[in-house]
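Source file: entry_28.csv. Holds: CSV, N, CA and C atoms.
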```csv
chain,number,residue,atom,x,y,z
A,1,MET,N,64.7,52.3,174.9
A,1,MET,CA,64.0,51.1,175.5
A,1,MET,C,65.1,50.3,176.2
A,2,LEU,N,64.8,49.9,177.4
A,2,LEU,CA,65.7,49.1,178.2
A,2,LEU,C,65.2,47.6,178.1
A,3,THR,N,66.2,46.7,177.9
A,3,THR,CA,65.9,45.3,177.7
A,3,THR,C,66.8,44.5,178.7
A,4,LYS,N,66.2,43.5,179.3
A,4,LYS,CA,66.9,42.7,180.3
A,4,LYS,C,67.9,41.8,179.6
A,5,LEU,N,69.2,41.7,180.1
A,5,LEU,CA,70.2,40.8,179.6
A,5,LEU,C,70.7,39.9,180.7
A,6,THR,N,70.8,38.6,180.5
A,6,THR,CA,71.3,37.7,181.4
A,6,THR,C,72.7,37.3,181.1
A,7,LEU,N,73.7,37.5,182.0
A,7,LEU,CA,75.1,37.1,181.7
A,7,LEU,C,75.5,35.9,182.7
A,8,ARG,N,76.2,35.0,182.1
A,8,ARG,CA,76.7,33.9,182.9
A,8,ARG,C,78.2,34.1,183.1
A,9,MET,N,78.7,34.2,184.3
A,9,MET,CA,80.1,34.5,184.6
A,9,MET,C,80.5,33.6,185.8
A,10,ASP,N,81.8,33.6,186.0
A,10,ASP,CA,82.4,32.9,187.1
A,10,ASP,C,82.0,33.6,188.4
A,11,ASP,N,81.7,32.9,189.4
A,11,ASP,CA,81.3,33.4,190.7
A,11,ASP,C,82.2,34.5,191.2
A,12,ASN,N,83.5,34.3,191.1
A,12,ASN,CA,84.5,35.2,191.6
A,12,ASN,C,84.5,36.5,190.8
A,13,LEU,N,84.2,36.4,189.5
A,13,LEU,CA,84.1,37.6,188.7
A,13,LEU,C,82.9,38.4,189.1
A,14,ILE,N,81.8,37.7,189.3
A,14,ILE,CA,80.5,38.4,189.8
A,14,ILE,C,80.8,39.1,191.1
A,15,GLU,N,81.4,38.5,192.0
A,15,GLU,CA,81.7,39.1,193.3
A,15,GLU,C,82.6,40.3,193.2
A,16,SER,N,83.6,40.2,192.3
A,16,SER,CA,84.4,41.4,192.0
A,16,SER,C,83.6,42.5,191.4
A,17,ALA,N,82.7,42.2,190.5
A,17,ALA,CA,81.9,43.2,189.9
A,17,ALA,C,81.0,43.9,191.0
A,18,LYS,N,80.4,43.1,191.9
A,18,LYS,CA,79.6,43.7,192.9
A,18,LYS,C,80.4,44.6,193.9
A,19,GLU,N,81.6,44.2,194.2
A,19,GLU,CA,82.5,45.0,195.0
A,19,GLU,C,82.8,46.3,194.3
A,20,TYR,N,83.2,46.2,193.1
A,20,TYR,CA,83.5,47.4,192.3
A,20,TYR,C,82.2,48.3,192.2
A,21,SER,N,81.1,47.7,192.0
A,21,SER,CA,79.8,48.5,192.0
A,21,SER,C,79.6,49.2,193.3
A,22,ALA,N,79.9,48.6,194.4
A,22,ALA,CA,79.7,49.3,195.7
A,22,ALA,C,80.7,50.4,195.9
A,23,GLN,N,81.9,50.2,195.4
A,23,GLN,CA,83.0,51.2,195.6
A,23,GLN,C,82.7,52.4,194.7
A,24,THR,N,82.2,52.2,193.5
A,24,THR,CA,81.9,53.3,192.6
A,24,THR,C,80.6,53.9,192.6
A,25,GLY,N,79.6,53.2,193.3
A,25,GLY,CA,78.3,53.7,193.4
A,25,GLY,C,77.5,53.5,192.1
A,26,LYS,N,78.0,52.7,191.2
A,26,LYS,CA,77.3,52.4,189.9
A,26,LYS,C,76.8,51.0,190.0
A,27,SER,N,75.6,50.7,189.4
A,27,SER,CA,75.1,49.4,189.4
A,27,SER,C,75.9,48.5,188.4
A,28,VAL,N,75.9,47.2,188.6
A,28,VAL,CA,76.6,46.3,187.7
A,28,VAL,C,76.1,46.5,186.3
A,29,SER,N,74.8,46.7,186.2
A,29,SER,CA,74.2,46.9,184.8
A,29,SER,C,74.8,48.1,184.2
A,30,ARG,N,75.0,49.2,185.0
A,30,ARG,CA,75.5,50.5,184.4
A,30,ARG,C,77.0,50.2,184.0
A,31,ILE,N,77.7,49.5,184.8
A,31,ILE,CA,79.1,49.2,184.5
A,31,ILE,C,79.2,48.4,183.2
A,32,VAL,N,78.4,47.4,183.0
A,32,VAL,CA,78.4,46.6,181.8
A,32,VAL,C,78.0,47.4,180.6
A,33,ALA,N,77.0,48.3,180.8
A,33,ALA,CA,76.5,49.2,179.7
A,33,ALA,C,77.7,50.1,179.3
A,34,ASP,N,78.4,50.7,180.3
A,34,ASP,CA,79.5,51.6,180.0
A,34,ASP,C,80.6,50.8,179.2
A,35,LEU,N,80.8,49.6,179.6
A,35,LEU,CA,81.8,48.8,178.9
A,35,LEU,C,81.4,48.6,177.4
A,36,PHE,N,80.2,48.3,177.2
A,36,PHE,CA,79.7,48.1,175.8
A,36,PHE,C,79.8,49.4,175.0
A,37,GLU,N,79.5,50.5,175.7
A,37,GLU,CA,79.6,51.8,175.1
A,37,GLU,C,81.1,52.1,174.7
A,38,ILE,N,82.0,51.8,175.5
A,38,ILE,CA,83.4,52.0,175.2
A,38,ILE,C,83.8,51.1,174.0
A,39,ILE,N,83.4,49.9,174.0
A,39,ILE,CA,83.7,49.0,172.8
A,39,ILE,C,83.1,49.6,171.5
A,40,LYS,N,81.9,50.1,171.6
A,40,LYS,CA,81.2,50.7,170.4
A,40,LYS,C,82.0,51.9,169.9
A,41,ASN,N,82.4,52.7,170.9
A,41,ASN,CA,83.1,53.9,170.5
A,41,ASN,C,84.5,53.6,170.0
A,42,GLU,N,85.2,52.6,170.5
A,42,GLU,CA,86.5,52.2,170.0
A,42,GLU,C,86.3,51.8,168.5
A,43,LYS,N,85.3,51.0,168.2
A,43,LYS,CA,85.1,50.5,166.9
A,43,LYS,C,84.8,51.7,165.9
A,44,LEU,N,84.0,52.7,166.4
A,44,LEU,CA,83.7,53.8,165.6
A,44,LEU,C,84.9,54.7,165.3
A,45,ASN,N,85.8,54.8,166.4
A,45,ASN,CA,87.0,55.6,166.2
A,45,ASN,C,88.0,55.0,165.2
A,46,LYS,N,88.1,53.7,165.3
A,46,LYS,CA,89.0,53.0,164.3
A,46,LYS,C,88.5,53.2,162.9
A,47,GLU,N,87.2,53.1,162.7
A,47,GLU,CA,86.7,53.3,161.3
A,47,GLU,C,86.8,54.7,160.9
A,48,GLU,N,86.7,55.7,161.8
A,48,GLU,CA,86.7,57.1,161.4
A,48,GLU,C,88.2,57.5,161.1
A,49,THR,N,89.2,56.9,161.7
A,49,THR,CA,90.5,57.3,161.5
A,49,THR,C,91.1,57.0,160.1
A,50,LEU,N,90.4,56.1,159.3
A,50,LEU,CA,90.9,55.8,158.0
A,50,LEU,C,90.2,56.7,157.0
A,51,THR,N,91.1,57.4,156.2
A,51,THR,CA,90.6,58.2,155.1
A,51,THR,C,90.1,57.3,154.0
A,52,PRO,N,89.3,57.8,153.1
A,52,PRO,CA,88.8,57.0,152.0
A,52,PRO,C,89.9,56.4,151.1
A,53,THR,N,91.0,57.2,150.9
A,53,THR,CA,92.2,56.6,150.2
A,53,THR,C,92.8,55.5,150.9
A,54,ILE,N,93.0,55.6,152.2
A,54,ILE,CA,93.7,54.6,153.0
A,54,ILE,C,92.7,53.4,153.1
A,55,ARG,N,91.4,53.6,153.2
A,55,ARG,CA,90.5,52.5,153.3
A,55,ARG,C,90.5,51.7,152.0
A,56,SER,N,90.7,52.4,150.8
A,56,SER,CA,90.8,51.7,149.5
A,56,SER,C,92.1,50.8,149.4
A,57,LEU,N,93.1,51.2,150.1
A,57,LEU,CA,94.4,50.5,150.0
A,57,LEU,C,94.5,49.4,151.0
A,58,LYS,N,93.7,49.4,152.0
A,58,LYS,CA,93.7,48.5,153.1
A,58,LYS,C,93.6,47.0,152.6
A,59,GLY,N,94.7,46.2,152.9
A,59,GLY,CA,94.7,44.8,152.5
A,59,GLY,C,95.2,44.6,151.1
A,60,ILE,N,95.6,45.6,150.4
A,60,ILE,CA,96.0,45.4,149.0
A,60,ILE,C,97.3,44.5,148.9
A,61,LEU,N,98.1,44.5,149.9
A,61,LEU,CA,99.3,43.7,149.9
A,61,LEU,C,99.2,42.4,150.6
A,62,LYS,N,98.0,42.0,151.1
A,62,LYS,CA,97.8,40.8,151.8
A,62,LYS,C,98.3,39.6,151.0
A,63,GLY,N,99.1,38.8,151.6
A,63,GLY,CA,99.7,37.6,150.9
A,63,GLY,C,100.8,37.9,150.0
A,64,LYS,N,101.2,39.1,149.8
A,64,LYS,CA,102.4,39.5,149.0
A,64,LYS,C,103.7,39.4,149.8
A,65,GLN,N,104.7,39.0,149.1
A,65,GLN,CA,106.1,39.0,149.7
A,65,GLN,C,106.8,40.3,149.4
A,66,VAL,N,106.6,41.3,150.2
A,66,VAL,CA,107.2,42.6,150.0
A,66,VAL,C,107.9,43.0,151.3
A,67,ASP,N,109.1,43.4,151.2
A,67,ASP,CA,109.9,43.8,152.4
A,67,ASP,C,110.6,45.2,152.2
A,68,GLU,N,111.4,45.6,153.1
A,68,GLU,CA,112.0,46.9,153.1
A,68,GLU,C,112.9,47.0,151.9
A,69,LYS,N,113.6,45.9,151.5
A,69,LYS,CA,114.5,46.0,150.3
A,69,LYS,C,113.7,46.3,149.0
A,70,ASP,N,112.5,45.8,148.9
A,70,ASP,CA,111.7,46.1,147.7
A,70,ASP,C,111.4,47.6,147.7
A,71,TYR,N,111.1,48.2,148.8
A,71,TYR,CA,110.8,49.6,148.9
A,71,TYR,C,112.0,50.5,148.6
A,72,LYS,N,113.1,50.1,149.1
A,72,LYS,CA,114.4,50.8,148.8
A,72,LYS,C,114.7,50.8,147.3
A,73,LYS,N,114.5,49.6,146.7
A,73,LYS,CA,114.7,49.4,145.3
A,73,LYS,C,113.8,50.3,144.5
A,74,TYR,N,112.6,50.4,144.9
A,74,TYR,CA,111.6,51.2,144.2
A,74,TYR,C,112.0,52.7,144.3
A,75,LEU,N,112.4,53.1,145.5
A,75,LEU,CA,112.9,54.5,145.6
A,75,LEU,C,114.1,54.8,144.8
A,76,ASP,N,115.1,53.9,144.8
A,76,ASP,CA,116.3,54.1,144.0
A,76,ASP,C,115.9,54.2,142.5
A,77,GLU,N,115.0,53.4,142.0
A,77,GLU,CA,114.6,53.5,140.6
A,77,GLU,C,113.8,54.7,140.3
A,78,LYS,N,113.1,55.2,141.2
A,78,LYS,CA,112.3,56.4,141.0
A,78,LYS,C,113.1,57.7,141.0
A,79,TYR,N,114.1,57.8,142.0
A,79,TYR,CA,114.7,59.0,142.2
A,79,TYR,C,116.2,59.0,141.6
A,80,LEU,N,116.7,57.9,141.1
A,80,LEU,CA,118.1,57.9,140.6
A,80,LEU,C,118.1,57.8,139.1
```
The structure given in the file should be rewritten as structure tokens.
Amino acid sequence: MLTKLTLRMDDNLIESAKEYSAQTGKSVSRIVADLFEIIKNEKLNKEETLTPTIRSLKGILKGKQVDEKDYKKYLDEKYL
């Protein structure tokens, strides 16, 4: 189903969009729809790249004061 969408933009931006439309042979509506499709796909790709294990760990250290020294200390204690 196609639905009408009204966008309010700067006149110069609209003119640039119309020029690009004429150069590419695509309507401004098609260009905007393509942009929204790209945004949707980028969001899906970001979500798909995280494995369940990584997703469960995401944000676990938020607000913690951990740096490279802590990691090196952990490795020293584990392997020495």
### Message
If I take atom C of Leu61 of chain A and atom N of Lys40 of chain A, how far is one from the other in Å, to one decimal?
### Response
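For atom C of Leu61 of chain A relative to atom N of Lys40 of chain A, the distance reads 28.3 Å.
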### Query
At what distance in Å, to one decimal, does atom CA of Tyr79 of chain A lie from atom N of Ile54 of chain A?
24.1 Å
### Message
Just the number, please: distance in Å from atom CA of Leu13 of chain A to atom CA of Asn41 of chain A, one decimal.
### Response
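Between atom CA of Leu13 of chain A and atom CA of Asn41 of chain A the gap works out to 24.5 Å.
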### Message
I want to know what sits within 12 Å of Tyr20 of chain A, based on only C-alpha atoms, with residues of the same chain fewer than 6 positions away left out; could you give that as an MDAnalysis selection string?
### Response
chainID A and resid 13:14 26:32
### Message
For the structure I just gave you, how does DSSP split chain A - specifically, which residues are helix (DSSP H, G or I)? Reply as number ranges by chain.
### Response
A: 11-24, 28-48, 52-57, 68-79
